[in-house]
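Below is one structure, written out as structure tokens, with a few remarks after it.
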Amino acid sequence: MKRGVSAFNVVAVALGLAFLYLPIVILVIFSFNGSRLVTIWGGWSLAWYRELLRDDAVLQAAWISLCVAALSATGATVLGTLAAIALTRLGRFRGRLLFSSMVYAPLVMPEVITGLSLLLLFVAINVDRGFWTIVIGHTTLTMCFVTVIVQSRLFSFDRSLEEAAMDLGCPPFRTFLTITLPLIAPAIAAGWMLAFSLSLDDLVIASFTTGPGATTLPIRIYSEARLGVKPEINALCTIMIAIVAVITVVSSLMVKRGAARRERATLGAQV
Amino acid sequence: MSARPENRSWSGRAIVLAPYLWLVVFFLAPFVIVFKISLSQTALAQPPYLPLFDFAAGWEGFKLFVAQLSADSFRLLSSDALYLFSYLKSLEVAAVSTAILLAVGYPIAYGMARAPRAWQPLLVMAVVLPFWTSFLIRVYAWINILQRDGLLNDVLMRLHLVDAPAVWLSSDTAIYIGVVYSYLPFMVLPLYAVLEKMDESLLEAAADLGCPRWKAFWLVTVPLSLPGVAAGALLCFIPIVGEFVIPDLLGGSETLMIGQTLWTEFFSNRDWPVASAIAVSLLGLLLVPILFYERLQQRSLEGGRR
């Protein structure tokens, strides 16, 4: 029996995707609306984008957000990859249970708790809050996502490649650099990009850990959004959506290419 | 999994050490501090709580410090109905929206798993893409639609379904719409992951033995997808309980969710001990689901290894 695609399945998926995309599409369209009111269409216009480019506070916040995201994603990728290797390759070690609980907990931990506790730590050790405290907060928040992505890749690829290298006398560290690292590179890249976009998006932890002079873009958007819809914010959101869409497509292509290359490598090893 | 002897060496330790130390300092230690401050009292000082621990005073200082700790913040939490309502509201919103998410997400995940193989990666990406787009932006997008002179009222009035603009924003309905919208990918993906792996021949066997399709669905598909249901439900329920952005931007001001209460206590009232006490009790409430989720996560990751 070949199960075909029933009408119900098609409708469910189509409605689901429509629900996911409609609000975003509406937001993008209205960022080009010449009128200030949402319900009145004032013709296509780039007025709000021009307004945005003149807004120094927004540009400043965008620059800070990009720097925070790049730095914290890099830190999270290094730490998260190390954690993934530790959890998949080291077997049992002392404190493993505590370690694995700490790695996975931030995935579901409500951000208000993480944010508040980080802030209280910074106060307790008397650190001035600002740019670097946000970077630390975002590194802590995002490293677990990197770990999960890299870990699933480490679990799924063919261990015999590593074993073959070591049987032939390759030292473990060189085996890691020449065999393991190239194989998990696409997952590491995908992890970095996810960490980057999560950091770019975070409002709660940034609000708790920020200090004078370090206003990120989400903090800015949030304070504007509380006052209601502004077309400039629609324009700003559209730009951010475009950036994230490009990053996502690129990273998924990278993972796919990596998978194809891996398959070829495995085939080659079998021949 | 067999541990390699060479991994027991210094290099193995060095690999664990960096992420381990980072998490202990920036994840575990902060909780200890939150716990400590939840037992402190508000003070008009900088930082705004007492007692402060004086390292220089040594053991005597420590005893004095312990003597000054108090459970006042927790007493306040349990005596003031405001906080109790806040907790109940959070649990209600989380439970109801998880149920809605399951009802909405299951057919979508099922449809995706039944779609032609070649389409599936594309569909997965279509579901993941909005998750990568800013959470804040996606919530904000709904304000465009739900506000008084927004699109929803405009459409409803043109269709003559309502005569006057209805109130959508600042209501529980808006919170539910926002939560279901934002968390849908978290529900669909784990469900899809189990449904996609399911062995089709089980359903064929059921059909061969004369079992009707809907009955086979209940007896075969649903029980086999339970790990995905549990993962999706926990992945949604736990963060929704502590949600701040969605109820703050879309919800009303009558009953606050616990995340909003914590935020207000901290930023508006500057009552750090009470905010910490809320965090501690919220964590206590979520500890069991979080531990359960971690075990599930661990098992699913290690189940994938060959």
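Ordering of the structure tokens sets the chain letters (A, B, ...), residue numbers begin anew at 1 in every chain, and ligands are numbered from 1 in the order given.
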
(message) For region 239-246 of chain B, find every residue with an atom within 7 Å (counting only C-alpha atoms), except residues of its own chain fewer than 3 positions away, and show them as a list of chain:residue names.
(response)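 Those residues are A:Val108, A:Met109, A:Pro110, A:Val112, B:Ser90, B:Leu91, B:Ala94, B:Val139, B:Ile175, B:Gly178, B:Val179, B:Cys236, B:Leu249, B:Leu250, B:Ile258, B:Gly259, B:Gln260.
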
Compile a residue-level contact table for chain A against chain B at a cut-off of 6 Å, reporting for every qualifying residue the shortest atom pair and its distance in Å to one decimal, with only C-alpha atoms counted, rows ordered by chain and ascending number, as a tab-separated table.
residue	atom	partner	partner_atom	distance
A:Asn9	CA	B:Gly111	CA	4.2
A:Ala12	CA	B:Ile108	CA	5.2
A:Val13	CA	B:Ile108	CA	4.8
A:Pro23	CA	B:Ala141	CA	5.7
A:Leu27	CA	B:Ala141	CA	5.7
A:Leu79	CA	B:Pro19	CA	5.1
A:Leu82	CA	B:Ile15	CA	5.7
A:Ala83	CA	B:Pro19	CA	5.9
A:Ala86	CA	B:Val16	CA	5.6
A:Leu90	CA	B:Ala3	CA	6.0
A:Gly91	CA	B:Ala3	CA	5.0
A:Val108	CA	B:Pro239	CA	5.6
A:Pro110	CA	B:Pro239	CA	4.9
A:Ile113	CA	B:Ala279	CA	5.6
A:Ser117	CA	B:Pro30	CA	4.8
A:Leu118	CA	B:Pro30	CA	5.6
A:Leu121	CA	B:Pro30	CA	5.2
A:Phe155	CA	B:Arg305	CA	4.7
A:Ser156	CA	B:Arg305	CA	5.4
A:Asp201	CA	B:Ser134	CA	5.0
A:Ile241	CA	B:Thr133	CA	5.8

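Near Val78 (chain A), within a cut-off of 12 Å and counting only C-alpha atoms, sit the residues Leu71, Ser72, Ala73, Thr74, Gly75, Thr81, Leu82, Ala83, Ala84, Ile85, Thr139, Thr140, Thr142, Met143, Cys144, Val146, Thr147, Val150, Ala185, Ile188, Ala189, Gly191, Trp192 and Ala195 of chain A; Ile15, Val16, Ala18, Pro19 and Trp22 of chain B, with same-chain residues fewer than 3 positions away left out.
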
Q.
From the options A:Leu217, A:Ala206, A:Val229, A:Val148, which residue's atoms come nearest to Ala190 (chain A), counting only C-alpha atoms?
A.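 Of A:Leu217, A:Ala206, A:Val229, A:Val148, the one nearest Ala190 (chain A) is A:Val148, counting only C-alpha atoms.
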
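Using only C-alpha atoms, the nearest neighbour of Arg129 (chain A) within the list A:Thr210, A:Asn33, A:Thr238, A:Ser223 is A:Thr210.
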
Between CA of Tyr49 (chain B) and CA of Arg270 (chain B) lies a distance of 9.8 Å

query: Neighbours of Gly34 (chain A) within 6 Å (only C-alpha atoms; same-chain residues fewer than 6 positions away dropped), as a VMD selection string?
result: chain A and resid 42 to 45

Would you output that residue set with N, CA and C atoms, as a PDB file, in the first residue's frame?
ATOM      1  N   GLY A  42      -1.176  53.986   1.293  1.00  0.00           N
ATOM      2  CA  GLY A  42      -0.784  55.258   0.704  1.00  0.00           C
ATOM      3  C   GLY A  42       0.154  55.109  -0.478  1.00  0.00           C
ATOM      4  N   GLY A  43       0.157  53.938  -1.101  1.00  0.00           N
ATOM      5  CA  GLY A  43       1.059  53.715  -2.224  1.00  0.00           C
ATOM      6  C   GLY A  43       2.433  53.268  -1.760  1.00  0.00           C
ATOM      7  N   TRP A  44       3.190  52.661  -2.685  1.00  0.00           N
ATOM      8  CA  TRP A  44       4.526  52.177  -2.332  1.00  0.00           C
ATOM      9  C   TRP A  44       5.446  53.342  -2.053  1.00  0.00           C
ATOM     10  N   SER A  45       6.264  53.184  -1.031  1.00  0.00           N
ATOM     11  CA  SER A  45       7.159  54.284  -0.700  1.00  0.00           C
ATOM     12  C   SER A  45       8.346  53.773   0.119  1.00  0.00           C
TER      13      SER A  45
END

Q: Determine, counting only C-alpha atoms, which protein, DNA and RNA residues have an atom within 8 Å of an atom of Thr133 (chain A); residues of the same chain fewer than 3 positions away are not included. Present the result as a PyMOL selection string.
A: chain A and resi 122+129-130+136-137+209-210

Do a neighbour search on Cys67 (chain A) at 10 Å with only C-alpha atoms, toss out local chain neighbours closer than 4 positions, and write the hits as a PyMOL selection string. chain A and resi 61-63+71-73+131+135+196+200+216

Proximity to Ile24 (chain A) - best of A:Ser252, A:Thr180, A:Asn234, A:Ser65, only C-alpha atoms =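 Checking each of A:Ser252, A:Thr180, A:Asn234, A:Ser65 against Ile24 (chain A), counting only C-alpha atoms, the winner is A:Asn234.
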
With distances taken over only C-alpha atoms, the candidate from B:Pro273, B:Phe186, B:Leu82, B:Ser281 nearest Leu69 (chain B) is B:Pro273

**Report entry** Selected residue of minimal separation from Met193 (chain A) among A:Phe8, A:Phe176, A:Tyr49, A:Phe145, counting only C-alpha atoms
**Finding:**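 Closest residue, counting only C-alpha atoms: A:Phe145.
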
In region 122-269 of chain B, DSSP helix (DSSP H, G or I) residues written as a compact mmCIF listing (two decimals) with N, CA and C atoms, in the first residue's frame:
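Output below, filename result11.txt:
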# COMPACT_ATOMS: atom_id res chain seq x y z
N LEU B 122 12.56 21.05 2.32
CA LEU B 122 12.07 22.40 2.05
C LEU B 122 11.00 22.80 3.07
N LEU B 123 10.10 21.86 3.37
CA LEU B 123 9.04 22.14 4.36
C LEU B 123 9.64 22.39 5.73
N VAL B 124 10.64 21.56 6.10
CA VAL B 124 11.28 21.77 7.41
C VAL B 124 11.89 23.16 7.46
N MET B 125 12.55 23.55 6.37
CA MET B 125 13.17 24.87 6.37
C MET B 125 12.11 25.97 6.46
N ALA B 126 10.96 25.74 5.79
CA ALA B 126 9.89 26.74 5.83
C ALA B 126 9.37 26.92 7.26
N VAL B 127 9.35 25.84 8.03
CA VAL B 127 8.89 25.94 9.41
C VAL B 127 9.96 26.56 10.30
N VAL B 128 11.24 26.27 10.00
CA VAL B 128 12.32 26.76 10.84
C VAL B 128 12.59 28.26 10.61
N LEU B 129 12.41 28.69 9.37
CA LEU B 129 12.79 30.06 9.01
C LEU B 129 12.20 31.12 9.93
N PRO B 130 10.87 31.09 10.21
CA PRO B 130 10.33 32.11 11.12
C PRO B 130 10.95 32.04 12.51
N PHE B 131 11.36 30.84 12.94
CA PHE B 131 11.98 30.68 14.26
C PHE B 131 13.31 31.44 14.32
N TRP B 132 13.98 31.54 13.17
CA TRP B 132 15.23 32.27 13.14
C TRP B 132 14.99 33.77 13.07
N PHE B 135 12.07 36.87 17.40
CA PHE B 135 10.92 36.65 18.26
C PHE B 135 10.15 37.95 18.46
N LEU B 136 10.92 38.99 18.82
CA LEU B 136 10.34 40.30 19.10
C LEU B 136 9.60 40.84 17.87
N ILE B 137 10.24 40.67 16.70
CA ILE B 137 9.62 41.18 15.47
C ILE B 137 8.33 40.45 15.18
N ARG B 138 8.33 39.12 15.43
CA ARG B 138 7.13 38.36 15.11
C ARG B 138 5.98 38.73 16.05
N VAL B 139 6.29 39.04 17.30
CA VAL B 139 5.24 39.49 18.22
C VAL B 139 4.77 40.88 17.79
N TYR B 140 5.74 41.71 17.45
CA TYR B 140 5.42 43.07 17.02
C TYR B 140 4.53 43.06 15.79
N ALA B 141 4.78 42.11 14.88
CA ALA B 141 3.99 42.02 13.66
C ALA B 141 2.50 41.86 13.96
N TRP B 142 2.20 41.17 15.06
CA TRP B 142 0.79 40.97 15.41
C TRP B 142 0.12 42.25 15.89
N ILE B 143 0.91 43.20 16.40
CA ILE B 143 0.29 44.47 16.82
C ILE B 143 -0.31 45.15 15.60
N ASN B 144 0.39 45.10 14.47
CA ASN B 144 -0.14 45.65 13.21
C ASN B 144 -1.53 45.10 12.92
N ILE B 145 -1.72 43.81 13.20
CA ILE B 145 -2.95 43.13 12.82
C ILE B 145 -4.03 43.31 13.88
N LEU B 146 -3.64 43.22 15.15
CA LEU B 146 -4.65 43.15 16.21
C LEU B 146 -5.08 44.49 16.78
N LEU B 151 -5.56 45.52 10.94
CA LEU B 151 -6.05 44.81 9.76
C LEU B 151 -7.20 43.87 10.05
N LEU B 152 -7.15 43.20 11.21
CA LEU B 152 -8.18 42.21 11.51
C LEU B 152 -9.55 42.87 11.60
N ASN B 153 -9.62 43.98 12.35
CA ASN B 153 -10.89 44.71 12.43
C ASN B 153 -11.31 45.22 11.07
N ASP B 154 -10.35 45.69 10.28
CA ASP B 154 -10.64 46.20 8.95
C ASP B 154 -11.31 45.12 8.09
N VAL B 155 -10.71 43.92 8.10
CA VAL B 155 -11.23 42.82 7.30
C VAL B 155 -12.61 42.40 7.82
N LEU B 156 -12.74 42.28 9.15
CA LEU B 156 -14.01 41.85 9.73
C LEU B 156 -15.13 42.83 9.41
N MET B 157 -14.80 44.13 9.45
CA MET B 157 -15.84 45.13 9.18
C MET B 157 -16.23 45.15 7.71
N ARG B 158 -15.26 44.94 6.83
CA ARG B 158 -15.58 44.90 5.41
C ARG B 158 -16.44 43.71 5.06
N ASP B 172 -6.54 38.35 26.69
CA ASP B 172 -5.97 37.00 26.74
C ASP B 172 -5.92 36.36 25.37
N THR B 173 -6.95 36.66 24.54
CA THR B 173 -6.96 36.12 23.18
C THR B 173 -5.67 36.48 22.46
N ALA B 174 -5.26 37.75 22.61
CA ALA B 174 -4.04 38.20 21.93
C ALA B 174 -2.83 37.44 22.46
N ILE B 175 -2.80 37.21 23.78
CA ILE B 175 -1.67 36.44 24.33
C ILE B 175 -1.63 35.05 23.71
N TYR B 176 -2.80 34.39 23.65
CA TYR B 176 -2.82 33.04 23.09
C TYR B 176 -2.38 33.04 21.63
N ILE B 177 -2.88 34.00 20.86
CA ILE B 177 -2.47 34.07 19.45
C ILE B 177 -0.95 34.23 19.36
N GLY B 178 -0.42 35.16 20.16
CA GLY B 178 1.02 35.42 20.11
C GLY B 178 1.84 34.22 20.53
N VAL B 179 1.40 33.55 21.60
CA VAL B 179 2.17 32.40 22.10
C VAL B 179 2.13 31.25 21.09
N VAL B 180 0.92 30.93 20.60
CA VAL B 180 0.80 29.82 19.66
C VAL B 180 1.62 30.13 18.41
N TYR B 181 1.55 31.36 17.95
CA TYR B 181 2.30 31.75 16.76
C TYR B 181 3.80 31.60 16.98
N SER B 182 4.30 32.10 18.12
CA SER B 182 5.74 32.12 18.35
C SER B 182 6.30 30.73 18.62
N TYR B 183 5.52 29.87 19.27
CA TYR B 183 6.07 28.58 19.69
C TYR B 183 5.74 27.44 18.72
N LEU B 184 4.98 27.73 17.66
CA LEU B 184 4.57 26.65 16.76
C LEU B 184 5.74 25.81 16.23
N PRO B 185 6.84 26.43 15.78
CA PRO B 185 7.97 25.61 15.30
C PRO B 185 8.51 24.66 16.37
N PHE B 186 8.50 25.10 17.64
CA PHE B 186 9.01 24.26 18.73
C PHE B 186 8.15 23.02 18.91
N MET B 187 6.86 23.11 18.55
CA MET B 187 5.98 21.97 18.66
C MET B 187 6.07 21.09 17.42
N VAL B 188 6.10 21.74 16.25
CA VAL B 188 6.04 20.97 15.00
C VAL B 188 7.30 20.13 14.79
N LEU B 189 8.48 20.70 15.06
CA LEU B 189 9.72 20.00 14.71
C LEU B 189 9.93 18.69 15.48
N PRO B 190 9.77 18.66 16.82
CA PRO B 190 9.92 17.36 17.50
C PRO B 190 8.88 16.34 17.05
N LEU B 191 7.64 16.81 16.78
CA LEU B 191 6.60 15.89 16.31
C LEU B 191 6.97 15.33 14.94
N TYR B 192 7.43 16.23 14.06
CA TYR B 192 7.83 15.79 12.73
C TYR B 192 8.95 14.77 12.82
N ALA B 193 9.91 15.02 13.74
CA ALA B 193 11.07 14.14 13.86
C ALA B 193 10.65 12.70 14.16
N VAL B 194 9.65 12.50 15.05
CA VAL B 194 9.24 11.12 15.34
C VAL B 194 8.33 10.57 14.25
N LEU B 195 7.43 11.41 13.72
CA LEU B 195 6.48 10.92 12.71
C LEU B 195 7.20 10.51 11.43
N GLU B 196 8.28 11.26 11.13
CA GLU B 196 8.99 10.99 9.89
C GLU B 196 9.75 9.67 9.97
N LYS B 197 10.20 9.32 11.19
CA LYS B 197 10.98 8.08 11.36
C LYS B 197 10.10 6.85 11.46
N GLU B 200 6.41 2.71 8.15
CA GLU B 200 5.14 2.67 7.44
C GLU B 200 4.51 1.28 7.43
N SER B 201 5.39 0.26 7.49
CA SER B 201 4.86 -1.10 7.35
C SER B 201 3.93 -1.46 8.51
N LEU B 202 4.07 -0.76 9.66
CA LEU B 202 3.16 -1.01 10.77
C LEU B 202 1.73 -0.65 10.39
N LEU B 203 1.60 0.49 9.70
CA LEU B 203 0.26 0.90 9.27
C LEU B 203 -0.26 -0.03 8.19
N GLU B 204 0.63 -0.49 7.32
CA GLU B 204 0.21 -1.43 6.28
C GLU B 204 -0.27 -2.73 6.91
N ALA B 205 0.47 -3.18 7.94
CA ALA B 205 0.06 -4.40 8.63
C ALA B 205 -1.32 -4.23 9.24
N ALA B 206 -1.55 -3.07 9.87
CA ALA B 206 -2.85 -2.80 10.48
C ALA B 206 -3.94 -2.84 9.42
N ALA B 207 -3.66 -2.21 8.26
CA ALA B 207 -4.65 -2.17 7.19
C ALA B 207 -4.92 -3.58 6.65
N ASP B 208 -3.85 -4.36 6.49
CA ASP B 208 -4.01 -5.73 5.99
C ASP B 208 -4.88 -6.56 6.92
N ARG B 213 -8.51 3.13 8.90
CA ARG B 213 -7.39 4.08 8.97
C ARG B 213 -7.39 4.92 10.22
N TRP B 214 -8.57 5.45 10.60
CA TRP B 214 -8.59 6.33 11.78
C TRP B 214 -8.24 5.56 13.04
N LYS B 215 -8.65 4.25 13.06
CA LYS B 215 -8.36 3.44 14.23
C LYS B 215 -6.87 3.11 14.29
N ALA B 216 -6.29 2.84 13.12
CA ALA B 216 -4.85 2.57 13.06
C ALA B 216 -4.09 3.81 13.52
N PHE B 217 -4.60 4.99 13.17
CA PHE B 217 -3.96 6.23 13.59
C PHE B 217 -3.91 6.30 15.12
N TRP B 218 -5.06 6.00 15.76
CA TRP B 218 -5.11 6.07 17.23
C TRP B 218 -4.29 4.98 17.89
N LEU B 219 -4.30 3.79 17.28
CA LEU B 219 -3.67 2.64 17.94
C LEU B 219 -2.19 2.52 17.62
N VAL B 220 -1.77 3.04 16.46
CA VAL B 220 -0.38 2.87 16.04
C VAL B 220 0.38 4.20 16.04
N THR B 221 -0.12 5.15 15.24
CA THR B 221 0.63 6.40 15.04
C THR B 221 0.76 7.19 16.34
N VAL B 222 -0.37 7.42 17.01
CA VAL B 222 -0.33 8.28 18.21
C VAL B 222 0.58 7.71 19.31
N PRO B 223 0.43 6.42 19.68
CA PRO B 223 1.34 5.91 20.72
C PRO B 223 2.81 6.01 20.32
N LEU B 224 3.11 5.75 19.04
CA LEU B 224 4.51 5.80 18.62
C LEU B 224 5.06 7.22 18.61
N LEU B 226 4.41 9.47 20.88
CA LEU B 226 4.38 10.07 22.22
C LEU B 226 5.70 10.73 22.65
N PRO B 227 6.89 10.15 22.34
CA PRO B 227 8.12 10.86 22.71
C PRO B 227 8.18 12.25 22.09
N GLY B 228 7.74 12.37 20.84
CA GLY B 228 7.72 13.68 20.18
C GLY B 228 6.73 14.61 20.84
N VAL B 229 5.56 14.06 21.23
CA VAL B 229 4.55 14.87 21.91
C VAL B 229 5.13 15.41 23.21
N ALA B 230 5.80 14.51 23.99
CA ALA B 230 6.37 14.94 25.27
C ALA B 230 7.44 16.02 25.04
N ALA B 231 8.33 15.78 24.07
CA ALA B 231 9.40 16.75 23.82
C ALA B 231 8.82 18.09 23.41
N GLY B 232 7.86 18.08 22.46
CA GLY B 232 7.26 19.32 21.99
C GLY B 232 6.54 20.05 23.11
N ALA B 233 5.76 19.28 23.90
CA ALA B 233 4.97 19.91 24.97
C ALA B 233 5.89 20.56 26.00
N LEU B 234 6.97 19.88 26.39
CA LEU B 234 7.88 20.45 27.40
C LEU B 234 8.64 21.64 26.84
N LEU B 235 9.05 21.50 25.57
CA LEU B 235 9.81 22.57 24.93
C LEU B 235 8.98 23.85 24.84
N CYS B 236 7.65 23.70 24.80
CA CYS B 236 6.77 24.86 24.78
C CYS B 236 6.37 25.29 26.19
N PHE B 237 5.90 24.32 26.98
CA PHE B 237 5.33 24.64 28.29
C PHE B 237 6.30 25.41 29.19
N ILE B 238 7.54 24.89 29.32
CA ILE B 238 8.48 25.47 30.29
C ILE B 238 8.78 26.94 30.00
N PRO B 239 9.21 27.28 28.76
CA PRO B 239 9.49 28.70 28.54
C PRO B 239 8.23 29.57 28.57
N ILE B 240 7.07 29.03 28.18
CA ILE B 240 5.85 29.86 28.17
C ILE B 240 5.51 30.31 29.59
N VAL B 241 5.71 29.43 30.58
CA VAL B 241 5.40 29.81 31.97
C VAL B 241 6.16 31.09 32.34
N VAL B 245 7.92 38.76 26.96
CA VAL B 245 7.70 39.67 25.84
C VAL B 245 6.26 39.62 25.31
N ILE B 246 5.74 38.39 25.11
CA ILE B 246 4.42 38.26 24.49
C ILE B 246 3.31 38.86 25.37
N PRO B 247 3.19 38.45 26.65
CA PRO B 247 2.12 39.06 27.45
C PRO B 247 2.32 40.56 27.64
N ASP B 248 3.56 41.01 27.64
CA ASP B 248 3.79 42.42 27.88
C ASP B 248 3.36 43.27 26.68
N LEU B 249 3.61 42.78 25.46
CA LEU B 249 3.26 43.57 24.29
C LEU B 249 1.82 43.34 23.84
N LEU B 250 1.30 42.12 24.01
CA LEU B 250 -0.03 41.82 23.48
C LEU B 250 -1.10 41.74 24.56
N ILE B 258 3.81 35.66 35.47
CA ILE B 258 4.83 35.72 36.49
C ILE B 258 6.12 36.40 35.98
N GLY B 259 6.42 36.20 34.70
CA GLY B 259 7.61 36.85 34.13
C GLY B 259 7.48 38.36 34.17
N GLN B 260 6.24 38.86 33.91
CA GLN B 260 6.01 40.30 33.97
C GLN B 260 6.11 40.82 35.40
N THR B 261 5.58 40.01 36.35
CA THR B 261 5.64 40.42 37.75
C THR B 261 7.09 40.55 38.20
N LEU B 262 7.91 39.55 37.82
CA LEU B 262 9.32 39.60 38.17
C LEU B 262 9.96 40.87 37.59
N TRP B 263 9.65 41.12 36.31
CA TRP B 263 10.21 42.28 35.61
C TRP B 263 9.83 43.57 36.34
N THR B 264 8.52 43.69 36.69
CA THR B 264 8.05 44.90 37.35
C THR B 264 8.70 45.07 38.71
N GLU B 265 8.76 43.97 39.50
CA GLU B 265 9.38 44.07 40.82
C GLU B 265 10.82 44.54 40.68
N PHE B 266 11.48 44.06 39.65
CA PHE B 266 12.89 44.39 39.53
C PHE B 266 13.10 45.79 38.97
N PHE B 267 12.49 46.08 37.81
CA PHE B 267 12.81 47.33 37.12
C PHE B 267 12.01 48.52 37.67
N SER B 268 10.73 48.30 38.03
CA SER B 268 9.92 49.44 38.49
C SER B 268 10.00 49.63 40.00

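Note that the spacing between CA of Val244 (chain A) and CA of Gly211 (chain A) amounts to 26.5 Å.
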
In Å and to one decimal, CA of Ser101 (chain A) is distant from CA of Leu101 (chain B) by 26.6 Å

- Query: If you count only C-alpha atoms, which residues fall within 6 Å of Ser31 (chain A), apart from same-chain ones fewer than 3 positions away, as a PyMOL selection string?
  - Reply: chain A and resi 28+231+234-235
